[in-house]
>>> print(open('protein.pdb').read())   # PDB, C-alpha atoms
ATOM      1  CA  PHE A   1      18.738 -85.465  73.192  1.00  0.00           C
ATOM      2  CA  THR A   2      16.138 -84.013  70.813  1.00  0.00           C
ATOM      3  CA  ARG A   3      16.974 -81.770  67.822  1.00  0.00           C
ATOM      4  CA  THR A   4      14.346 -79.875  65.873  1.00  0.00           C
ATOM      5  CA  LEU A   5      15.027 -78.911  62.244  1.00  0.00           C
ATOM      6  CA  ASN A   6      13.278 -75.706  61.327  1.00  0.00           C
ATOM      7  CA  LEU A   7      12.918 -75.735  57.522  1.00  0.00           C
ATOM      8  CA  ALA A   8      11.232 -72.385  57.439  1.00  0.00           C
ATOM      9  CA  SER A   9      14.272 -70.654  58.805  1.00  0.00           C
ATOM     10  CA  GLN A  10      16.789 -72.235  56.449  1.00  0.00           C
ATOM     11  CA  GLU A  11      17.449 -71.295  52.853  1.00  0.00           C
ATOM     12  CA  LEU A  12      16.955 -74.085  50.364  1.00  0.00           C
ATOM     13  CA  PRO A  13      19.576 -74.496  47.664  1.00  0.00           C
ATOM     14  CA  ALA A  14      18.633 -73.062  44.273  1.00  0.00           C
ATOM     15  CA  VAL A  15      17.529 -75.604  41.702  1.00  0.00           C
ATOM     16  CA  ARG A  16      18.770 -74.959  38.194  1.00  0.00           C
ATOM     17  CA  SER A  17      17.134 -76.576  35.221  1.00  0.00           C
ATOM     18  CA  THR A  18      19.405 -78.364  32.849  1.00  0.00           C
ATOM     19  CA  MET A  19      16.644 -78.560  30.170  1.00  0.00           C
ATOM     20  CA  PRO A  20      17.559 -76.683  26.966  1.00  0.00           C
ATOM     21  CA  LYS A  21      15.372 -73.689  26.032  1.00  0.00           C
ATOM     22  CA  LEU A  22      13.036 -74.243  23.066  1.00  0.00           C
ATOM     23  CA  VAL A  23      13.051 -71.594  20.311  1.00  0.00           C
ATOM     24  CA  CYS A  24       9.911 -71.444  18.098  1.00  0.00           C
ATOM     25  CA  GLY A  25      10.139 -70.310  14.434  1.00  0.00           C
ATOM     26  CA  PHE A  26      10.886 -71.321  10.849  1.00  0.00           C
ATOM     27  CA  THR A  27      14.104 -72.209   9.209  1.00  0.00           C
ATOM     28  CA  LEU A  28      15.085 -70.379   6.020  1.00  0.00           C
ATOM     29  CA  ILE A  29      14.173 -73.381   3.879  1.00  0.00           C
ATOM     30  CA  GLU A  30      10.752 -73.646   5.517  1.00  0.00           C
ATOM     31  CA  LEU A  31      10.117 -69.938   4.852  1.00  0.00           C
ATOM     32  CA  ILE A  32      11.103 -70.284   1.198  1.00  0.00           C
ATOM     33  CA  VAL A  33       8.846 -73.314   0.732  1.00  0.00           C
ATOM     34  CA  SER A  34       5.914 -71.573   2.466  1.00  0.00           C
ATOM     35  CA  ILE A  35       6.284 -68.425   0.362  1.00  0.00           C
ATOM     36  CA  SER A  36       6.482 -70.494  -2.812  1.00  0.00           C
ATOM     37  CA  ILE A  37       3.276 -72.357  -1.953  1.00  0.00           C
ATOM     38  CA  ILE A  38       1.427 -69.121  -1.114  1.00  0.00           C
ATOM     39  CA  THR A  39       2.628 -67.495  -4.362  1.00  0.00           C
ATOM     40  CA  ALA A  40       1.473 -70.477  -6.425  1.00  0.00           C
ATOM     41  CA  LEU A  41      -1.955 -70.450  -4.760  1.00  0.00           C
ATOM     42  CA  LEU A  42      -2.346 -66.715  -5.325  1.00  0.00           C
ATOM     43  CA  SER A  43      -1.378 -67.111  -8.983  1.00  0.00           C
ATOM     44  CA  VAL A  44      -4.056 -69.769  -9.463  1.00  0.00           C
ATOM     45  CA  VAL A  45      -6.683 -67.586  -7.760  1.00  0.00           C
ATOM     46  CA  VAL A  46      -5.810 -64.495  -9.825  1.00  0.00           C
ATOM     47  CA  PHE A  47      -5.739 -66.492 -13.072  1.00  0.00           C
ATOM     48  CA  SER A  48      -9.105 -68.093 -12.289  1.00  0.00           C
ATOM     49  CA  PHE A  49     -10.601 -64.703 -11.434  1.00  0.00           C
ATOM     50  CA  ARG A  50      -9.369 -63.168 -14.694  1.00  0.00           C
ATOM     51  CA  ASN A  51     -10.779 -66.063 -16.709  1.00  0.00           C
ATOM     52  CA  SER A  52     -14.091 -65.875 -14.897  1.00  0.00           C
ATOM     53  CA  SER A  53     -14.269 -62.110 -15.366  1.00  0.00           C
ATOM     54  CA  ALA A  54     -13.482 -62.448 -19.096  1.00  0.00           C
ATOM     55  CA  ARG A  55     -16.219 -65.070 -19.548  1.00  0.00           C
ATOM     56  CA  LEU A  56     -18.748 -62.830 -17.791  1.00  0.00           C
ATOM     57  CA  SER A  57     -17.756 -59.902 -20.024  1.00  0.00           C
ATOM     58  CA  LEU A  58     -18.104 -62.073 -23.140  1.00  0.00           C
ATOM     59  CA  SER A  59     -21.541 -63.274 -22.077  1.00  0.00           C
ATOM     60  CA  ALA A  60     -22.716 -59.739 -21.259  1.00  0.00           C
ATOM     61  CA  SER A  61     -21.436 -58.396 -24.598  1.00  0.00           C
ATOM     62  CA  ALA A  62     -23.186 -61.153 -26.553  1.00  0.00           C
ATOM     63  CA  GLN A  63     -26.452 -60.379 -24.762  1.00  0.00           C
ATOM     64  CA  GLU A  64     -26.073 -56.662 -25.521  1.00  0.00           C
ATOM     65  CA  ILE A  65     -25.537 -57.415 -29.221  1.00  0.00           C
ATOM     66  CA  ALA A  66     -28.626 -59.636 -29.251  1.00  0.00           C
ATOM     67  CA  ILE A  67     -30.631 -56.810 -27.642  1.00  0.00           C
ATOM     68  CA  ALA A  68     -29.358 -54.312 -30.247  1.00  0.00           C
ATOM     69  CA  ILE A  69     -30.427 -56.642 -33.075  1.00  0.00           C
ATOM     70  CA  ARG A  70     -33.834 -57.054 -31.449  1.00  0.00           C
ATOM     71  CA  GLN A  71     -34.040 -53.252 -31.132  1.00  0.00           C
ATOM     72  CA  ALA A  72     -33.452 -52.910 -34.889  1.00  0.00           C
ATOM     73  CA  GLN A  73     -36.147 -55.533 -35.476  1.00  0.00           C
ATOM     74  CA  VAL A  74     -38.663 -53.635 -33.335  1.00  0.00           C
ATOM     75  CA  TYR A  75     -37.839 -50.363 -35.137  1.00  0.00           C
ATOM     76  CA  GLY A  76     -38.185 -51.972 -38.565  1.00  0.00           C
ATOM     77  CA  LEU A  77     -41.428 -53.818 -37.901  1.00  0.00           C
ATOM     78  CA  SER A  78     -43.076 -50.930 -36.052  1.00  0.00           C
ATOM     79  CA  VAL A  79     -42.060 -48.481 -38.813  1.00  0.00           C
ATOM     80  CA  LYS A  80     -40.235 -46.089 -36.518  1.00  0.00           C
ATOM     81  CA  GLY A  81     -39.898 -42.605 -37.940  1.00  0.00           C
ATOM     82  CA  ALA A  82     -36.381 -41.723 -39.088  1.00  0.00           C
ATOM     83  CA  LEU A  83     -34.967 -38.227 -39.272  1.00  0.00           C
ATOM     84  CA  THR A  84     -33.985 -37.042 -42.745  1.00  0.00           C
ATOM     85  CA  ALA A  85     -32.164 -33.995 -44.034  1.00  0.00           C
ATOM     86  CA  THR A  86     -35.341 -32.603 -45.620  1.00  0.00           C
ATOM     87  CA  ALA A  87     -38.144 -33.801 -43.340  1.00  0.00           C
ATOM     88  CA  PRO A  88     -38.704 -34.097 -39.574  1.00  0.00           C
ATOM     89  CA  ALA A  89     -39.328 -37.842 -39.822  1.00  0.00           C
ATOM     90  CA  ASP A  90     -40.081 -40.424 -42.454  1.00  0.00           C
ATOM     91  CA  PHE A  91     -41.797 -43.765 -41.857  1.00  0.00           C
ATOM     92  CA  ILE A  92     -40.771 -45.749 -44.922  1.00  0.00           C
ATOM     93  CA  TYR A  93     -37.339 -47.079 -43.982  1.00  0.00           C
ATOM     94  CA  GLY A  94     -36.090 -50.398 -42.719  1.00  0.00           C
ATOM     95  CA  TYR A  95     -33.743 -50.668 -39.743  1.00  0.00           C
ATOM     96  CA  GLY A  96     -30.686 -52.786 -39.263  1.00  0.00           C
ATOM     97  CA  ALA A  97     -27.619 -53.618 -37.180  1.00  0.00           C
ATOM     98  CA  TYR A  98     -24.124 -53.313 -38.664  1.00  0.00           C
ATOM     99  CA  PHE A  99     -20.898 -55.108 -37.652  1.00  0.00           C
ATOM    100  CA  ASN A 100     -17.398 -54.783 -39.091  1.00  0.00           C
ATOM    101  CA  PRO A 101     -14.464 -56.537 -37.352  1.00  0.00           C
ATOM    102  CA  VAL A 102     -11.942 -54.818 -39.638  1.00  0.00           C
ATOM    103  CA  THR A 103     -12.818 -51.127 -39.310  1.00  0.00           C
ATOM    104  CA  SER A 104     -14.858 -51.207 -36.071  1.00  0.00           C
ATOM    105  CA  PRO A 105     -13.924 -54.247 -33.965  1.00  0.00           C
ATOM    106  CA  SER A 106     -15.034 -52.538 -30.733  1.00  0.00           C
ATOM    107  CA  ASP A 107     -18.230 -50.879 -32.020  1.00  0.00           C
ATOM    108  CA  TYR A 108     -21.483 -51.748 -33.765  1.00  0.00           C
ATOM    109  CA  TYR A 109     -24.432 -49.694 -34.978  1.00  0.00           C
ATOM    110  CA  VAL A 110     -28.197 -49.651 -35.233  1.00  0.00           C
ATOM    111  CA  TYR A 111     -29.128 -47.701 -38.370  1.00  0.00           C
ATOM    112  CA  ALA A 112     -32.018 -46.598 -40.583  1.00  0.00           C
ATOM    113  CA  ASP A 113     -31.538 -47.650 -44.221  1.00  0.00           C
ATOM    114  CA  LYS A 114     -32.403 -44.297 -45.838  1.00  0.00           C
ATOM    115  CA  ASP A 115     -31.341 -45.036 -49.432  1.00  0.00           C
ATOM    116  CA  SER A 116     -34.748 -44.596 -51.099  1.00  0.00           C
ATOM    117  CA  SER A 117     -37.855 -46.329 -49.802  1.00  0.00           C
ATOM    118  CA  THR A 118     -36.370 -49.803 -50.265  1.00  0.00           C
ATOM    119  CA  GLY A 119     -32.846 -48.979 -49.051  1.00  0.00           C
ATOM    120  CA  ASN A 120     -29.582 -50.508 -50.238  1.00  0.00           C
ATOM    121  CA  GLY A 121     -29.389 -53.051 -47.419  1.00  0.00           C
ATOM    122  CA  THR A 122     -26.227 -51.729 -45.791  1.00  0.00           C
ATOM    123  CA  TYR A 123     -25.056 -49.088 -43.340  1.00  0.00           C
ATOM    124  CA  ASP A 124     -23.699 -45.937 -44.993  1.00  0.00           C
ATOM    125  CA  VAL A 125     -21.361 -44.122 -42.620  1.00  0.00           C
ATOM    126  CA  GLY A 126     -22.223 -40.476 -42.043  1.00  0.00           C
ATOM    127  CA  SER A 127     -21.325 -37.848 -39.486  1.00  0.00           C
ATOM    128  CA  GLY A 128     -22.386 -38.688 -35.964  1.00  0.00           C
ATOM    129  CA  CYS A 129     -25.523 -40.489 -34.861  1.00  0.00           C
ATOM    130  CA  GLY A 130     -29.141 -39.459 -34.507  1.00  0.00           C
ATOM    131  CA  SER A 131     -29.116 -36.633 -37.069  1.00  0.00           C
ATOM    132  CA  GLY A 132     -30.896 -36.308 -40.390  1.00  0.00           C
ATOM    133  CA  SER A 133     -27.632 -36.430 -42.337  1.00  0.00           C
ATOM    134  CA  THR A 134     -26.604 -39.915 -41.218  1.00  0.00           C
ATOM    135  CA  GLU A 135     -28.102 -43.392 -41.174  1.00  0.00           C
ATOM    136  CA  CYS A 136     -26.731 -44.083 -37.688  1.00  0.00           C
ATOM    137  CA  VAL A 137     -29.438 -44.219 -35.031  1.00  0.00           C
ATOM    138  CA  GLU A 138     -27.250 -45.423 -32.155  1.00  0.00           C
ATOM    139  CA  LYS A 139     -23.648 -46.476 -31.727  1.00  0.00           C
ATOM    140  CA  PHE A 140     -22.725 -49.169 -29.194  1.00  0.00           C
ATOM    141  CA  SER A 141     -19.239 -49.834 -27.821  1.00  0.00           C
ATOM    142  CA  LEU A 142     -18.018 -53.112 -26.358  1.00  0.00           C
ATOM    143  CA  ARG A 143     -16.497 -52.974 -22.869  1.00  0.00           C
ATOM    144  CA  ASP A 144     -13.593 -54.635 -21.040  1.00  0.00           C
ATOM    145  CA  GLY A 145     -11.529 -55.056 -24.184  1.00  0.00           C
ATOM    146  CA  ILE A 146     -14.059 -57.359 -25.868  1.00  0.00           C
ATOM    147  CA  LYS A 147     -13.778 -57.240 -29.663  1.00  0.00           C
ATOM    148  CA  ILE A 148     -15.661 -58.502 -32.698  1.00  0.00           C
ATOM    149  CA  THR A 149     -13.135 -60.856 -34.260  1.00  0.00           C
ATOM    150  CA  LYS A 150     -15.253 -62.518 -36.942  1.00  0.00           C
ATOM    151  CA  VAL A 151     -18.457 -62.138 -38.901  1.00  0.00           C
ATOM    152  CA  CYS A 152     -19.355 -65.308 -40.754  1.00  0.00           C
ATOM    153  CA  GLN A 153     -21.778 -66.334 -43.472  1.00  0.00           C
ATOM    154  CA  THR A 154     -23.225 -69.759 -44.190  1.00  0.00           C
ATOM    155  CA  VAL A 155     -23.889 -70.682 -47.817  1.00  0.00           C
ATOM    156  CA  SER A 156     -25.057 -74.212 -48.748  1.00  0.00           C
ATOM    157  CA  GLY A 157     -24.060 -75.449 -45.289  1.00  0.00           C
ATOM    158  CA  ALA A 158     -20.479 -74.109 -45.516  1.00  0.00           C
ATOM    159  CA  GLU A 159     -19.360 -71.274 -43.255  1.00  0.00           C
ATOM    160  CA  THR A 160     -16.834 -68.595 -44.267  1.00  0.00           C
ATOM    161  CA  CYS A 161     -15.445 -66.091 -41.768  1.00  0.00           C
ATOM    162  CA  ALA A 162     -13.256 -62.975 -41.577  1.00  0.00           C
ATOM    163  CA  PRO A 163     -10.521 -61.910 -41.951  1.00  0.00           C
ATOM    164  CA  ALA A 164      -9.947 -64.187 -44.941  1.00  0.00           C
ATOM    165  CA  GLY A 165     -13.680 -64.236 -45.538  1.00  0.00           C
ATOM    166  CA  SER A 166     -16.455 -61.938 -44.448  1.00  0.00           C
ATOM    167  CA  THR A 167     -15.564 -58.337 -43.673  1.00  0.00           C
ATOM    168  CA  SER A 168     -18.911 -56.791 -42.703  1.00  0.00           C
ATOM    169  CA  LEU A 169     -22.386 -57.908 -41.723  1.00  0.00           C
ATOM    170  CA  ASP A 170     -25.755 -56.152 -42.050  1.00  0.00           C
ATOM    171  CA  ILE A 171     -28.893 -57.511 -40.399  1.00  0.00           C
ATOM    172  CA  LYS A 172     -31.919 -55.553 -41.608  1.00  0.00           C
ATOM    173  CA  PHE A 173     -35.636 -55.659 -40.799  1.00  0.00           C
ATOM    174  CA  LYS A 174     -38.425 -54.061 -42.818  1.00  0.00           C
ATOM    175  CA  ARG A 175     -42.174 -54.548 -42.898  1.00  0.00           C
ATOM    176  CA  PRO A 176     -44.010 -56.657 -43.852  1.00  0.00           C
ATOM    177  CA  ASP A 177     -41.242 -59.283 -43.643  1.00  0.00           C
ATOM    178  CA  SER A 178     -40.614 -60.170 -39.978  1.00  0.00           C
ATOM    179  CA  GLY A 179     -37.482 -62.170 -40.780  1.00  0.00           C
ATOM    180  CA  ALA A 180     -33.937 -60.838 -40.885  1.00  0.00           C
ATOM    181  CA  GLN A 181     -32.485 -59.717 -44.211  1.00  0.00           C
ATOM    182  CA  ILE A 182     -28.836 -60.794 -43.865  1.00  0.00           C
ATOM    183  CA  ARG A 183     -26.174 -59.225 -46.066  1.00  0.00           C
ATOM    184  CA  VAL A 184     -22.458 -59.992 -45.897  1.00  0.00           C
ATOM    185  CA  SER A 185     -19.540 -58.335 -47.664  1.00  0.00           C
ATOM    186  CA  LEU A 186     -16.985 -61.025 -48.464  1.00  0.00           C
ATOM    187  CA  GLY A 187     -13.684 -59.582 -49.679  1.00  0.00           C
ATOM    188  CA  GLY A 188     -15.547 -56.987 -51.756  1.00  0.00           C
ATOM    189  CA  THR A 189     -18.205 -59.461 -52.923  1.00  0.00           C
ATOM    190  CA  VAL A 190     -21.621 -58.773 -51.407  1.00  0.00           C
ATOM    191  CA  THR A 191     -23.965 -61.673 -50.685  1.00  0.00           C
ATOM    192  CA  SER A 192     -27.582 -60.914 -49.785  1.00  0.00           C
ATOM    193  CA  GLY A 193     -30.530 -63.094 -48.866  1.00  0.00           C
ATOM    194  CA  LEU A 194     -28.522 -65.293 -46.512  1.00  0.00           C
ATOM    195  CA  SER A 195     -30.395 -67.494 -44.047  1.00  0.00           C
ATOM    196  CA  LYS A 196     -27.682 -67.648 -41.372  1.00  0.00           C
ATOM    197  CA  ALA A 197     -24.809 -65.549 -40.053  1.00  0.00           C
ATOM    198  CA  ARG A 198     -22.591 -65.574 -36.987  1.00  0.00           C
ATOM    199  CA  ILE A 199     -20.799 -62.885 -34.986  1.00  0.00           C
ATOM    200  CA  GLU A 200     -17.811 -64.049 -32.912  1.00  0.00           C
ATOM    201  CA  LEU A 201     -16.491 -62.123 -29.919  1.00  0.00           C
ATOM    202  CA  SER A 202     -13.195 -62.625 -28.090  1.00  0.00           C
ATOM    203  CA  ALA A 203     -11.672 -61.412 -24.815  1.00  0.00           C
ATOM    204  CA  PRO A 204      -8.155 -59.913 -24.523  1.00  0.00           C
ATOM    205  CA  THR A 205      -7.010 -62.021 -21.556  1.00  0.00           C
ATOM    206  CA  THR A 206      -8.163 -65.515 -22.540  1.00  0.00           C
ATOM    207  CA  SER A 207      -8.610 -67.681 -25.614  1.00  0.00           C
ATOM    208  CA  ASP A 208     -12.344 -67.958 -24.929  1.00  0.00           C
ATOM    209  CA  THR A 209     -14.834 -66.830 -27.572  1.00  0.00           C
ATOM    210  CA  ILE A 210     -18.608 -66.531 -27.752  1.00  0.00           C
ATOM    211  CA  SER A 211     -20.881 -66.352 -30.784  1.00  0.00           C
ATOM    212  CA  VAL A 212     -24.186 -64.683 -31.614  1.00  0.00           C
ATOM    213  CA  ILE A 213     -26.023 -66.620 -34.341  1.00  0.00           C
ATOM    214  CA  ILE A 214     -28.628 -64.976 -36.558  1.00  0.00           C
ATOM    215  CA  GLU A 215     -30.938 -67.156 -38.618  1.00  0.00           C
TER     216      GLU A 215
END
>>> encode(input="protein.pdb", output="structure tokens")
Amino acid sequence: FTRTLNLASQELPAVRSTMPKLVCGFTLIELIVSISIITALLSVVVFSFRNSSARLSLSASAQEIAIAIRQAQVYGLSVKGALTATAPADFIYGYGAYFNPVTSPSDYYVYADKDSSTGNGTYDVGSGCGSGSTECVEKFSLRDGIKITKVCQTVSGAETCAPAGSTSLDIKFKRPDSGAQIRVSLGGTVTSGLSKARIELSAPTTSDTISVIIE
């Protein structure tokens, strides 16, 4: 007797898996830890960017001040004509740069010293800039919240700074002397003929400072 089993014609029993299904994802604790790490990293990046941006602004502002002082030097040594109230231009005046951290911490000025042919060595505030009725030739404003926090004088090797010390600084140039004529007002006492002065700038977001030294 021969029996043939036809597998094709018979239904096979269903096979059910007893393996548990895997669910992918994070637990609540893992999510909290991940978010905390990401937040900390972002804080470091933002803080570093702000510090870097402040340092760049400080450096740029210091360079702009140095350029303004050099501009005053070029005007003074080349005897640039200055407008006056009575004449189109006069060629006898010296030129200077003026800084005051008390009254103008965000601004500084290039001016023509129009008080007689020798001048009085300081910037006299008038109305506006570039007219015959004022000594101001050009006004410059610091950007990104940068401020002039100190102007300092050095006498006999000792430096004194604002606000307890110096309150304003004039750096003047006049032919034939190519050197800077430095004048500092120190609590109402004016000191001229200084050989060295310093302008300190600060940023609003960091404790960093930068200095421009004139000597």
>>> closest_residue(input="protein.pdb", among="A:Ser185, A:Ser133, A:Thr149, A:Ser78", to="A:Ala203", atoms="all atoms listed in the file")
A:Thr149
>>> resolve_selection(input="protein.pdb", expression="the PyMOL selection byres ((chain A and resi 152-156) around 6)", output="PDB file with C-alpha atoms, in the frame of the given file")
ATOM      1  CA  VAL A 151     -18.457 -62.138 -38.901  1.00  0.00           C
ATOM      2  CA  GLY A 157     -24.060 -75.449 -45.289  1.00  0.00           C
ATOM      3  CA  ALA A 158     -20.479 -74.109 -45.516  1.00  0.00           C
ATOM      4  CA  GLU A 159     -19.360 -71.274 -43.255  1.00  0.00           C
ATOM      5  CA  THR A 160     -16.834 -68.595 -44.267  1.00  0.00           C
ATOM      6  CA  CYS A 161     -15.445 -66.091 -41.768  1.00  0.00           C
ATOM      7  CA  SER A 166     -16.455 -61.938 -44.448  1.00  0.00           C
ATOM      8  CA  LYS A 196     -27.682 -67.648 -41.372  1.00  0.00           C
ATOM      9  CA  ALA A 197     -24.809 -65.549 -40.053  1.00  0.00           C
ATOM     10  CA  ARG A 198     -22.591 -65.574 -36.987  1.00  0.00           C
TER      11      ARG A 198
END
>>> residues_around(input="protein.pdb", residues="A:Leu58", least_positions_apart="3", cutoff="10 Å", atoms="all atoms listed in the file", output="MDAnalysis selection string")
chainID A and resid 52:55 61:64 142:147 200:203 208:211
>>> resolve_selection(input="protein.pdb", expression="the PyMOL selection byres ((chain A and resi 96) around 7)", output="PyMOL selection string")
chain A and resi 72+94-95+97-98+110-112+170-173
>>> closest_residue(input="protein.pdb", among="A:Ser207, A:Thr191, A:Ser57, A:Ser141", to="A:Ser104", atoms="all atoms listed in the file")
A:Ser141
>>> closest_residue(input="protein.pdb", among="A:Ala40, A:Lys80, A:Arg183, A:Lys114", to="A:Thr134", atoms="all atoms listed in the file")
A:Lys114
